[in-house]
Amino acid sequence: MSSDLSVGTEVVPEATPKRRLPLWAWGAMALALVLALSVVRVVTGRNDIASSGTLSAALALAMPIAFAGLGGLWSERAGVVNIGLEGMMVLGTWGGAFGSLHGGPWMGIVGAALCGAVGGLIHALATVTFGVDHIVSGVALNIVSVGAASYLAARFFGELEGGSDVQSPPLPQLPKIGIPGAGDALSAVETKGWFFVSEVAAILKALTTGLSVLTVIGLALFVITFYVLWRTPFGLRVRSCGESPVAAETLGVNVYLHKYVAVVISGALAGLGGGFLSMVATNIYRESQVDGRGYIGLAAMIFGNWRPGGLLAGSGLFGFMDALQLRGGGTALHGLLLLITMLLLAIGLWQVLRNGRMIQGGIAVVVAVVVFVLWFVTDSVPSDITPFAPHLTTLLVLAFASQRLRMPKADGMIYRRGEGH
Amino acid sequence: GGSDSTGDSTSAEGGSGSDVKACLAYDVGGRGDQSFNDSAAKGLDKAKDELKVETAEVEASQGENDAAREDRLNQLIESGCTDIIAVGYIYAKAVGGAAKENSDIQFAIIDDASEDSAGENVAQLTFAEEQGSYLVGAAAALKSKSNKVGFIGGVDVPLINKFQAGFEAGAKAVNPDIEVSTKYLAEDGSGFADPAKGQTAAEGMYDNGADVVYHAAGGSGSGVFKAAKAAKKMAIGVDSDQALTAEEDVRDVILTSMVKNVDVAVFDHIKAVTEGDMQSGNIIFDLKAGGVDYSTTGGKVDDIKDKLDGYKQEIVDGKVTVPTK
Amino acid sequence: MSLNPRRLALTLAAPALAVVVAFVITSLVLLAVGDPVGQVWSTLLKEPRPRTTVNIINSATTYYIAAVAVAIGFKMNLFNIGVDGQYRIASFAAAIFAGYGWLPSWLNIIVAMLVAMVTGGIWAGIAGWLKITRGVSEVISTIMLNTISAGLVGWGLRSWGQRAEGSNARSTTPIPESNQLDGFALVPGAANTVYTLVALAVVVGVLYWFVINKTRFGFDLRATGQSESAAVASGVKVKRMVLISIVLSGAVAGLVGMPAFFGADHAYGSSFQDGVGFVGIGVALLGRNHPVGIAFAALLWSWLEKASDGLQLEAQVSPALVYIIQGSILLAVVIAYEVVHRVERRMEQRQVARDLDASSVPEGAAA
Amino acid sequence: MRPFVIRRHPISTTTTSPTPSAPAAGDVAVRLEGITKRFPGVVANKDIAFSVRRGTVHAVVGENGAGKSTLMKILYGVQRPDEGTIEVDGQVVDLRSPSDAIKHGIGMVFQHFMLADNLTVLENVVLGAEKLHGIGGRARAEIRRISDEYGLGVDPDALVEDLGVGSRQRVEILKVLYRGARTIILDEPTAVLVPQEVDELFDNLRELKNEGLAVIFISHKLDEVLSVADAITVIRRGTTVGSVDDPSSITSRELAEMMVGSELPTPATEESTVTDEVVLSCRGVSLAGAPGTGRALLDDVDLEIHAGEVLGIAGVEGNGQAELVEVIMGMREPTSGQVHLGGEDISDWDVRRIREAGVGYVPEDRHRHGLLLDSPLWENRVLGHQTERPNVRGGLVDARAAKKDTERIVREYDVRTPSITVTSGSLSGGNQQKLIIGREMSHSPRVLVASHPTRGVDVGAQAAIWDQIRAARREGLAVLLISADLEELIGLSDTIQVILRGRMTGTFDPDTVTSQELGSAMTGAGEEPR
Ligand SMILES: Nc1ncnc2c1ncn2[C@@H]1O[C@H](COP(=O)(O)OP(=O)(O)OP(=O)(O)O)[C@@H](O)[C@H]1O
Ligand SMILES: Nc1ncnc2c1ncn2[C@@H]1O[C@H](COP(=O)(O)OP(=O)(O)OP(=O)(O)O)[C@@H](O)[C@H]1O
Ligand SMILES: [Mg+2]
Ligand SMILES: [Mg+2]
């Protein structure tokens, strides 16, 4: 967010300029994570930590956040900070419900996207055409959207059988898909409790069975987003608007148009996130169902360093934490302390051995030891902190990672055509 | 505030009827929540039909304070209401305040019996949720094969704690070794409005071996039923007979419901008022009074009905006192 | 000097324009969905009853303080979305403290308010500290802190709260009788009273105006908000300013719950009003961060809100319509201000050029 | 008029129906007629006319603020002229946007680079021209081809962020070539380059010229202009004052006089007022660059300024001047070394304390560092002196006294404004600058740090500012003057030091030094003037 003060956010360049990690590095990290989860399971004996049930729930809880984050990605890559995601999601919940009720589940998807896009259009109008501060516009939009959805729900669902002012009747369901037969075979492996192998089976099972089509669409949209933004001329132009709109303008790029398109797409994606909540996560629209997920989506996007892969990881982390605390409560989260110990230890050793940073590495190792002791002397995380564990995690992760992040350079800046040369 | 508007109410229904105008003030959500508020609305509708009273309804908006609630009650008085029923303990202070200022108006509040709402002209309608929960707890334990059952509450507040306490006591009464896992969904009202959370929590319980889960989580409960359906296990409904009100495709997983007959309480109250009684003080709707009960729709508890009725009798007779915390 | 009446006219033009736009949008919405337009407006625009008037003033008091808290941040480009969490945790802390009643009446009240300010300030300070040391955007951190504060307060209520006999809700120990403020009977014919601590809002407003506009600190704050780079060059330590102003904002946010706490609730419990922080953002934007503007905005907001019961009873329209009106006023206002600001700037540049052309020899000719 | 001015407003005779598709060298590529452009309060261009031939490097010279950039932006379609016509290859064209200009074969390299740092070279180059060769392998090959053909040595997959200024410049040129531009505008391309890079650039330009392109080259640096240009147009105060067709017939001194005109109040050196008292000194000041770059921004800088002395710092932009100022003003702490004010070590003082101790500051970028554009003049008068009388009393801002004093500044420093309540953003640049100088002088500073005090300021205001600095110097002020304008440096300074790559590389006496000598010292080209 460049429109706000830049203190503390100066990029401290790395001693050795590190660029994007190669693909295999990501793969190795994912493998290491699975391995660590297996260790945690074996040591703690808590099978639910990475069971297919937990992972499925994590995926379902992550999707709305991922949609919102993807929306944020589009908008911020084009240089428009979008804190209005929350409002666009709210519009999407209503749109999804309205569409499903009147045209079937597929119309629900269209309705959610359309309603979100309307929110995006308003945000674009305010920020791009009128040059309103992006955060101000987003906050205002959130207030309007909550009101509009609430009013429209009262007006259109209040009279329906099974509906009320704050809730729609049950919505027709989107189909679920999966690879036939895979579920049983993988369950068989998972229940064996084999080190590592069972974890892999659990992951595969979560990814191949009982997926809502909207989940599949969402995952596909990640691939599509990556392709469009990083591999097509249009995407290049969108990104250039977020990096340096003035430069783009001097090359004949219609900056306003690209910003508009990106912000409207952003709205549509956030709307789909809302639609996911009303149509898939449950099958009714309920007031205040979004409950801050738009903001979490924004945080996930920042966590993901304004890139689709990182954003997916961020949403996944949040979904995972939420699934764990909802399903297993404090005892499940307790097992995570061990995981955190291992991660911190790994980071600490890496810092000391590879980068020679004694202090940072040392701190990480010390914290790891503290967490380990905590894990050892307690046997549950107090239920009082479980409900906000995901938020606390987000905050901590951002606190640790923020300075390594790099947002689009002109993100949040107000751009006027013909000014700024 | 003026309250003399009997002239209006008779002209409205064009019939004989009574000169009582009965009005409901809901918490956020209002009519149509398929739970608590709906149950109250049902009582009002019945009164309208059978007692021919005139009615009105208003609902609260998100995040308001006691003054706003009290103002709402006063607006109702101004629009001619003579019997005002506040649905939910959230109205306690508002009812207390409004009742003091309008001694000629009958008030009632559901789920609160505290000093805050007490008054000469206030009926405090409360329920022995722990007793009903005790019965469904017993049902759960009787039906459980895994000896694991679960309880999901919307928010960790004393009212919902009563459900949990009764449920646990009932289950333990049947099987002292039974394992009862408990989860509260959120810190704020969202715990009653987020079926996705209910579903995830219930899935966790089923995956960990529970085979019956009881929810006291309002609108989030529909997620619990979905989870039960997917896991091919059972769930217990709350407030109304959810085997009748839940979505059709999940009704078959509902073992029973802890019915809390808010409609009965509302109707009875209005009836008493139309008959000229001013009600005041705490009126407890317990098992004995038919205020709470377990439901039998679906026939899933037919085989254990005798046992359940036995427990019921013990409570009614006072042989068993169900804990509330 | 001829510029000033014009500037005033332009300043007033924006909100007026916004209200008109909101009126039109709302009417269109009503027409589109087939709700009775005439009846809605006549219900909304009816003069409020004395009791409601008192409630409007009381709510506006709360909103005013919240909006000032937000505005302190806005003045230097900080977005304190966390007022909600700050006042929640601060009200809880103050309620616990005041509940003990250790001090004599008035002293107890004042110290409880200090406790609220300190708690709110510290809670906001976390976001400030994360911003200046770790570069975490305060927008995200305050949002996360909102949820975390709800969790902590819920836990606090379970640990220290109590349940009155027969009640189904938990709350802190009510404050002693001597601490309960009865309020002023400002509105004739109303049985209820205006919060005594409406005076607090006035004090907060005056102090806000004074500090921002009259003090060196306020000058530094505004300078930082207008141009961070110019402020740095002028000797402002921006990091310190960020921390101080966000703590100040949090301290004021801590006071949000006080009028209702001492005037009506007397304890912190589940019926305590939440969401005021978000209203505060809207009100601050609407009032353009100006102490007087915010006062009008708070009254407008609260008046619309109180009109919603009437909508249900008299026009059978969902009370949520009010959110649409509030929202469209807000969006229209932020856009209108931007447009007006730009027009103003352009007009001024022209004016300066014209004045100089008329008055002087061409620049540079003297040399 | 001087004899070497060959023609005023040259009228080309070679407009014999050039085929637009294949214009030959020597044909007129671009002709501008009667171009006028007004901004609020300024006429940036007034009835400008000149033409550029193919196969030539055509230089446009003029002082800061003469209107060069504005003119080029008009030619590139970024801004639209209020009056006048543009012809490209003999056809009158209407350029509404850069795309139109690109379509007509015009490309521009801006004074301030127009590159997206976080994108690769390839992405920066193909942006907006994706239709030509796509954005993948073909584009990469094409970039390599162009790069090799003109010897630009650009790696298409490098991230722009990692490139030095010289490479960035070549990327900018590549962008233009990639689009097949036949007319290339370079707006002050050398301002940020070191000498080798300048030489390389000139080699590139000659290459382009030989290919039959028309190059418009803007610079203040006259010796550079003379070495590379085939024709020169001089702009003064927004209008063309003359053209030179044969640069070898003119010296840079003569060209400079033409640029500034006869009105130029030569900043004649007055008799010295330098005293023995050292007011400001830097001892061994170093400032490390970003880790990994391996280059210090400031390297062991020593300097001393006495009361009554103006110390001029000459150097090509980007050689550490800005950092030196930031260290002295306390915005950055030196990695090693000390800054002394009077007898005190101020290296670790903060900005406010330094300002309070009597250091006035005229920042390089008045919009970003000197003013609050949306605040009235009197608040801008307070800025930077928030702790001093008459602005404040105790912890409170004394608006009345500040306003009164602003009135005085407006009067004494001849700030042209209708009132002190208008926003500073509505004043013209020169008047903004006079306000800043007035403000800084009002607190009787012991030291004035002035960065480019007359940049973008018109001639009249420039003279006024010079007078103010001289007057203050007479009263014992020590001035650190940083300027790109060598005349200004020579005219005002008592001593001149040259800064090159963060190091002080030479000290000159302004009474004897010539611009040429300074120029070569600044570029590290050795003692031998060209
Ligand atoms: N967008 C604008 N709005 C108002 N005035 C402008 C604008 N752009 C340029 N000017 C003014 O027009 C005049 C010419 O500016 P221009 O940038 O063309 O000068 P220049 O010759 O390029 O100077 P330099 O050598 O400093 O780059 C200056 O007085 C400048 O202040
Ligand atoms: N935001 C603004 N508000 C008011 N006036 C502005 C603003 N931006 C530019 N101007 C006007 O434009 C003029 C010149 O701007 P510009 O940045 O082109 O300066 P310049 O003197 O050309 O500098 P440079 O030599 O760096 O090109 C200013 O003097 C001012 O009158
Ligand atoms: Mg220029
Ligand atoms: Mg310029």
# chains A, B, ... in the order shown; residues from 1 in each chain; ligands from 1
>>> interface_residues(of="chain A", to="chain B", cutoff="6 Å", atoms="only C-alpha atoms", output="list in words")
Gly163, Ser164, Val166, Ala281, Thr282, Gln289, Leu326 and Arg327 of chain A
>>> interface_residues(of="chain C", to="chain D", cutoff="6 Å", atoms="only C-alpha atoms", output="PDB file with all heavy atoms, in the first residue's frame")
ATOM      1  N   LYS C 214      -3.531  23.770  16.058  1.00  0.00           N
ATOM      2  CA  LYS C 214      -2.873  24.855  16.771  1.00  0.00           C
ATOM      3  C   LYS C 214      -1.495  24.495  17.316  1.00  0.00           C
ATOM      4  O   LYS C 214      -0.747  25.382  17.686  1.00  0.00           O
ATOM      5  CB  LYS C 214      -3.753  25.324  17.942  1.00  0.00           C
ATOM      6  CG  LYS C 214      -5.074  25.927  17.499  1.00  0.00           C
ATOM      7  CD  LYS C 214      -4.844  27.280  16.850  1.00  0.00           C
ATOM      8  CE  LYS C 214      -6.046  27.681  16.010  1.00  0.00           C
ATOM      9  NZ  LYS C 214      -5.785  28.812  15.137  1.00  0.00           N
ATOM     10  N   THR C 215      -1.205  23.231  17.431  1.00  0.00           N
ATOM     11  CA  THR C 215       0.066  22.898  18.069  1.00  0.00           C
ATOM     12  C   THR C 215       1.132  22.505  17.046  1.00  0.00           C
ATOM     13  O   THR C 215       0.818  22.162  15.913  1.00  0.00           O
ATOM     14  CB  THR C 215      -0.087  21.724  19.052  1.00  0.00           C
ATOM     15  OG1 THR C 215      -0.438  20.563  18.302  1.00  0.00           O
ATOM     16  CG2 THR C 215      -1.163  22.005  20.086  1.00  0.00           C
ATOM     17  N   ARG C 216       2.331  22.558  17.527  1.00  0.00           N
ATOM     18  CA  ARG C 216       3.471  22.132  16.713  1.00  0.00           C
ATOM     19  C   ARG C 216       3.330  20.680  16.326  1.00  0.00           C
ATOM     20  O   ARG C 216       3.577  20.283  15.195  1.00  0.00           O
ATOM     21  CB  ARG C 216       4.722  22.278  17.575  1.00  0.00           C
ATOM     22  CG  ARG C 216       5.722  23.177  17.040  1.00  0.00           C
ATOM     23  CD  ARG C 216       6.717  23.479  18.108  1.00  0.00           C
ATOM     24  NE  ARG C 216       7.436  22.287  18.523  1.00  0.00           N
ATOM     25  CZ  ARG C 216       8.297  22.264  19.535  1.00  0.00           C
ATOM     26  NH1 ARG C 216       8.509  23.366  20.223  1.00  0.00           N
ATOM     27  NH2 ARG C 216       8.924  21.165  19.839  1.00  0.00           N
ATOM     28  N   SER C 229       7.881  13.094   2.450  1.00  0.00           N
ATOM     29  CA  SER C 229       9.241  13.506   2.134  1.00  0.00           C
ATOM     30  C   SER C 229       9.516  14.928   2.606  1.00  0.00           C
ATOM     31  O   SER C 229      10.583  15.216   3.151  1.00  0.00           O
ATOM     32  CB  SER C 229       9.476  13.382   0.631  1.00  0.00           C
ATOM     33  OG  SER C 229       8.413  13.988  -0.079  1.00  0.00           O
ATOM     34  N   ALA C 230       8.531  15.815   2.428  1.00  0.00           N
ATOM     35  CA  ALA C 230       8.731  17.189   2.879  1.00  0.00           C
ATOM     36  C   ALA C 230       8.816  17.238   4.397  1.00  0.00           C
ATOM     37  O   ALA C 230       9.581  18.018   4.967  1.00  0.00           O
ATOM     38  CB  ALA C 230       7.586  18.076   2.386  1.00  0.00           C
ATOM     39  N   ALA C 233      12.258  16.228   5.493  1.00  0.00           N
ATOM     40  CA  ALA C 233      13.228  17.288   5.252  1.00  0.00           C
ATOM     41  C   ALA C 233      13.038  18.439   6.224  1.00  0.00           C
ATOM     42  O   ALA C 233      13.953  19.208   6.458  1.00  0.00           O
ATOM     43  CB  ALA C 233      13.104  17.782   3.811  1.00  0.00           C
ATOM     44  N   SER C 234      11.845  18.566   6.785  1.00  0.00           N
ATOM     45  CA  SER C 234      11.608  19.670   7.709  1.00  0.00           C
ATOM     46  C   SER C 234      11.959  19.270   9.137  1.00  0.00           C
ATOM     47  O   SER C 234      11.793  20.047  10.057  1.00  0.00           O
ATOM     48  CB  SER C 234      10.147  20.103   7.652  1.00  0.00           C
ATOM     49  OG  SER C 234       9.365  19.257   8.454  1.00  0.00           O
ATOM     50  N   GLY C 235      12.408  18.040   9.326  1.00  0.00           N
ATOM     51  CA  GLY C 235      12.855  17.642  10.651  1.00  0.00           C
ATOM     52  C   GLY C 235      11.879  16.779  11.424  1.00  0.00           C
ATOM     53  O   GLY C 235      12.075  16.544  12.606  1.00  0.00           O
ATOM     54  N   GLN C 349      -4.994  27.935  -9.352  1.00  0.00           N
ATOM     55  CA  GLN C 349      -3.822  28.180 -10.204  1.00  0.00           C
ATOM     56  C   GLN C 349      -4.141  29.229 -11.256  1.00  0.00           C
ATOM     57  O   GLN C 349      -3.363  30.153 -11.502  1.00  0.00           O
ATOM     58  CB  GLN C 349      -3.378  26.890 -10.881  1.00  0.00           C
ATOM     59  CG  GLN C 349      -2.612  25.982  -9.938  1.00  0.00           C
ATOM     60  CD  GLN C 349      -2.090  24.744 -10.627  1.00  0.00           C
ATOM     61  OE1 GLN C 349      -2.415  24.482 -11.783  1.00  0.00           O
ATOM     62  NE2 GLN C 349      -1.281  23.975  -9.921  1.00  0.00           N
ATOM     63  N   ARG C 350      -5.329  29.070 -11.869  1.00  0.00           N
ATOM     64  CA  ARG C 350      -5.737  30.054 -12.871  1.00  0.00           C
ATOM     65  C   ARG C 350      -5.791  31.438 -12.266  1.00  0.00           C
ATOM     66  O   ARG C 350      -5.285  32.406 -12.814  1.00  0.00           O
ATOM     67  CB  ARG C 350      -7.145  29.718 -13.391  1.00  0.00           C
ATOM     68  CG  ARG C 350      -7.219  28.460 -14.164  1.00  0.00           C
ATOM     69  CD  ARG C 350      -7.327  28.732 -15.667  1.00  0.00           C
ATOM     70  NE  ARG C 350      -6.871  27.556 -16.400  1.00  0.00           N
ATOM     71  CZ  ARG C 350      -7.588  26.456 -16.528  1.00  0.00           C
ATOM     72  NH1 ARG C 350      -8.802  26.379 -16.016  1.00  0.00           N
ATOM     73  NH2 ARG C 350      -7.119  25.423 -17.178  1.00  0.00           N
ATOM     74  N   ALA C 353      -2.482  32.992 -11.631  1.00  0.00           N
ATOM     75  CA  ALA C 353      -1.885  33.454 -12.876  1.00  0.00           C
ATOM     76  C   ALA C 353      -2.564  34.737 -13.340  1.00  0.00           C
ATOM     77  O   ALA C 353      -1.909  35.695 -13.753  1.00  0.00           O
ATOM     78  CB  ALA C 353      -2.011  32.379 -13.940  1.00  0.00           C
ATOM     79  N   GLY C 364      10.653  38.473 -14.748  1.00  0.00           N
ATOM     80  CA  GLY C 364      11.983  38.396 -15.353  1.00  0.00           C
ATOM     81  C   GLY C 364      12.381  39.660 -16.076  1.00  0.00           C
ATOM     82  O   GLY C 364      13.554  39.913 -16.287  1.00  0.00           O
ATOM     83  N   ALA C 367      15.015  42.059 -14.464  1.00  0.00           N
ATOM     84  CA  ALA C 367      16.435  41.744 -14.313  1.00  0.00           C
ATOM     85  C   ALA C 367      17.280  42.271 -15.445  1.00  0.00           C
ATOM     86  O   ALA C 367      16.842  42.376 -16.557  1.00  0.00           O
ATOM     87  CB  ALA C 367      16.611  40.237 -14.221  1.00  0.00           C
TER      88      ALA C 367
END
>>> interface_residues(of="chain D", to="chain A", cutoff="10 Å", atoms="only C-alpha atoms", output="VMD selection string")
chain D and resid 69 to 70 73 76 to 80 97 to 103 107 to 119 123 to 131 134 to 136 159 162 175 to 176 179 290 to 294
>>> write_last_selection(atoms="C-alpha atoms", output="mmCIF file, in the first residue's frame")
data_model
loop_
_atom_site.group_PDB
_atom_site.id
_atom_site.type_symbol
_atom_site.label_atom_id
_atom_site.label_comp_id
_atom_site.auth_asym_id
_atom_site.auth_seq_id
_atom_site.Cartn_x
_atom_site.Cartn_y
_atom_site.Cartn_z
ATOM 1 C CA SER D 69 11.081 18.934 -22.318
ATOM 2 C CA THR D 70 7.671 20.396 -22.900
ATOM 3 C CA LYS D 73 6.516 15.890 -24.955
ATOM 4 C CA TYR D 76 5.717 12.676 -28.632
ATOM 5 C CA GLY D 77 2.013 13.204 -28.092
ATOM 6 C CA VAL D 78 2.177 13.247 -24.305
ATOM 7 C CA GLN D 79 0.999 16.817 -24.195
ATOM 8 C CA ARG D 80 -0.993 18.654 -26.782
ATOM 9 C CA SER D 97 -1.159 10.217 -27.620
ATOM 10 C CA PRO D 98 2.191 8.452 -27.608
ATOM 11 C CA SER D 99 0.645 5.700 -29.711
ATOM 12 C CA ASP D 100 0.062 8.209 -32.500
ATOM 13 C CA ALA D 101 3.643 9.351 -32.291
ATOM 14 C CA ILE D 102 4.901 5.781 -32.306
ATOM 15 C CA LYS D 103 2.807 5.113 -35.381
ATOM 16 C CA GLY D 107 10.315 7.459 -30.248
ATOM 17 C CA MET D 108 11.356 9.217 -27.092
ATOM 18 C CA VAL D 109 13.737 8.597 -24.253
ATOM 19 C CA PHE D 110 12.534 10.715 -21.354
ATOM 20 C CA GLN D 111 14.604 12.907 -19.101
ATOM 21 C CA HIS D 112 13.522 10.733 -16.196
ATOM 22 C CA PHE D 113 13.658 7.074 -17.172
ATOM 23 C CA MET D 114 10.373 5.455 -17.997
ATOM 24 C CA LEU D 115 11.099 1.918 -16.930
ATOM 25 C CA ALA D 116 9.294 -0.510 -14.675
ATOM 26 C CA ASP D 117 11.953 -1.712 -12.257
ATOM 27 C CA ASN D 118 10.392 -4.993 -11.357
ATOM 28 C CA LEU D 119 9.972 -6.118 -14.947
ATOM 29 C CA GLU D 123 9.055 -6.974 -20.749
ATOM 30 C CA ASN D 124 9.918 -3.297 -20.685
ATOM 31 C CA VAL D 125 10.837 -3.346 -24.325
ATOM 32 C CA VAL D 126 7.899 -5.252 -25.730
ATOM 33 C CA LEU D 127 5.305 -3.490 -23.591
ATOM 34 C CA GLY D 128 2.823 -1.780 -25.871
ATOM 35 C CA ALA D 129 4.429 -3.299 -28.967
ATOM 36 C CA GLU D 130 3.487 -6.895 -28.346
ATOM 37 C CA LYS D 131 1.975 -7.177 -31.804
ATOM 38 C CA GLY D 134 4.996 -11.322 -29.437
ATOM 39 C CA ILE D 135 6.335 -11.388 -25.922
ATOM 40 C CA GLY D 136 8.317 -14.579 -26.030
ATOM 41 C CA LEU D 159 15.639 -7.368 -14.298
ATOM 42 C CA ASP D 162 19.569 -4.669 -11.330
ATOM 43 C CA LYS D 175 12.669 0.356 -26.664
ATOM 44 C CA VAL D 176 12.582 3.055 -29.252
ATOM 45 C CA ARG D 179 9.358 -0.048 -32.448
ATOM 46 C CA ALA D 290 23.398 -0.874 -0.685
ATOM 47 C CA PRO D 291 25.064 -4.111 0.370
ATOM 48 C CA GLY D 292 26.269 -6.100 -2.562
ATOM 49 C CA THR D 293 26.763 -3.176 -4.896
ATOM 50 C CA GLY D 294 30.255 -2.813 -3.521
#
>>> closest_residue(among="A:His391, A:Arg357, A:Arg155, A:Arg46", to="Phe320 in chain A", atoms="only C-alpha atoms")
A:His391
>>> closest_residue(among="A:Leu121, A:Ile359, A:Met107, A:Ala140", to="chain C", atoms="only C-alpha atoms")
A:Ala140
>>> select_by_dssp(residues="range 72-251 of chain B", states="alpha helix (DSSP H)", output="PyMOL selection string")
chain B and resi 72-78+92-101+129-143+158-174+195-207+221-231+242-245
>>> atom_distance(atom1="atom 10 (N, counted along the ligand's line) of ligand 1", atom2="CA of Gly67 in chain D")
7.4 Å
>>> residues_near_ligand(ligand="ligand 3", cutoff="12 Å", atoms="only C-alpha atoms and all ligand atoms", output="PyMOL selection string")
(chain A and resi 421) or (chain D and resi 44+60-73+109-112+186-189+191+217-220+235+238+455-456)
>>> interface_residues(of="chain C", to="chain B", cutoff="7 Å", atoms="only C-alpha atoms", output="number ranges by chain")
C: 52, 55, 150-151, 154, 164-170, 271-275, 309, 312-313
>>> interface_residues(of="chain A", to="chain C", cutoff="9 Å", atoms="only C-alpha atoms", output="VMD selection string")
chain A and resid 1 3 to 10 83 126 to 127 130 to 133 135 to 137 139 to 152 154 to 156 165 292 295 to 296 298 to 299 384 to 389 391 to 392 394 to 395 398 to 403
>>> write_last_selection(atoms="C-alpha atoms", output="tab-separated table (two decimals), in the first residue's frame")
chain	number	residue	atom	x	y	z
A	1	MET	CA	0.00	0.00	0.00
A	3	SER	CA	-0.68	5.48	-0.50
A	4	ASP	CA	0.15	5.20	3.13
A	5	LEU	CA	3.37	5.98	4.84
A	6	SER	CA	6.36	4.05	3.69
A	7	VAL	CA	8.22	3.92	6.97
A	8	GLY	CA	9.73	0.64	7.89
A	9	THR	CA	9.05	-0.80	4.52
A	10	GLU	CA	12.27	0.15	2.85
A	83	ILE	CA	-9.53	-3.39	0.51
A	126	ALA	CA	-13.83	5.94	-7.69
A	127	THR	CA	-10.12	5.18	-7.78
A	130	PHE	CA	-12.01	10.11	-9.84
A	131	GLY	CA	-8.68	9.49	-8.16
A	132	VAL	CA	-10.14	8.76	-4.72
A	133	ASP	CA	-7.67	7.26	-2.28
A	135	ILE	CA	-8.30	2.63	0.89
A	136	VAL	CA	-10.94	5.26	1.40
A	137	SER	CA	-12.86	4.00	-1.59
A	139	VAL	CA	-13.73	1.09	3.02
A	140	ALA	CA	-16.68	3.04	1.69
A	141	LEU	CA	-17.46	0.24	-0.72
A	142	ASN	CA	-17.46	-2.27	2.11
A	143	ILE	CA	-20.06	-0.27	3.97
A	144	VAL	CA	-22.23	0.11	0.89
A	145	SER	CA	-21.98	-3.55	-0.06
A	146	VAL	CA	-22.99	-4.86	3.34
A	147	GLY	CA	-26.01	-2.60	3.21
A	148	ALA	CA	-26.92	-3.46	-0.35
A	149	ALA	CA	-26.68	-7.21	0.19
A	150	SER	CA	-28.63	-7.01	3.39
A	151	TYR	CA	-31.35	-4.93	1.78
A	152	LEU	CA	-31.56	-7.09	-1.32
A	154	ALA	CA	-34.55	-8.86	2.85
A	155	ARG	CA	-36.32	-7.84	-0.31
A	156	PHE	CA	-35.77	-10.99	-2.36
A	165	ASP	CA	-34.61	-11.29	5.76
A	292	GLY	CA	-13.76	-10.73	7.36
A	295	TYR	CA	-9.44	-8.97	4.57
A	296	ILE	CA	-7.84	-12.33	5.20
A	298	LEU	CA	-5.80	-9.52	1.19
A	299	ALA	CA	-3.41	-10.64	3.91
A	384	ASP	CA	-9.48	-19.53	24.49
A	385	ILE	CA	-6.95	-18.75	21.84
A	386	THR	CA	-7.94	-21.32	19.26
A	387	PRO	CA	-10.62	-19.21	17.56
A	388	PHE	CA	-8.14	-16.53	16.63
A	389	ALA	CA	-5.12	-18.74	16.11
A	391	HIS	CA	-5.36	-14.52	12.67
A	392	LEU	CA	-2.51	-14.54	15.13
A	394	THR	CA	-1.20	-14.39	9.88
A	395	LEU	CA	0.00	-11.46	11.94
A	398	LEU	CA	3.57	-11.01	8.19
A	399	ALA	CA	5.72	-9.58	10.94
A	400	PHE	CA	8.47	-11.98	10.04
A	401	ALA	CA	8.08	-11.87	6.30
A	402	SER	CA	6.99	-8.33	5.50
A	403	GLN	CA	10.39	-6.97	4.74
>>> atom_distance(atom1="CA of Leu31 in chain C", atom2="CA of Leu160 in chain A")
20.5 Å
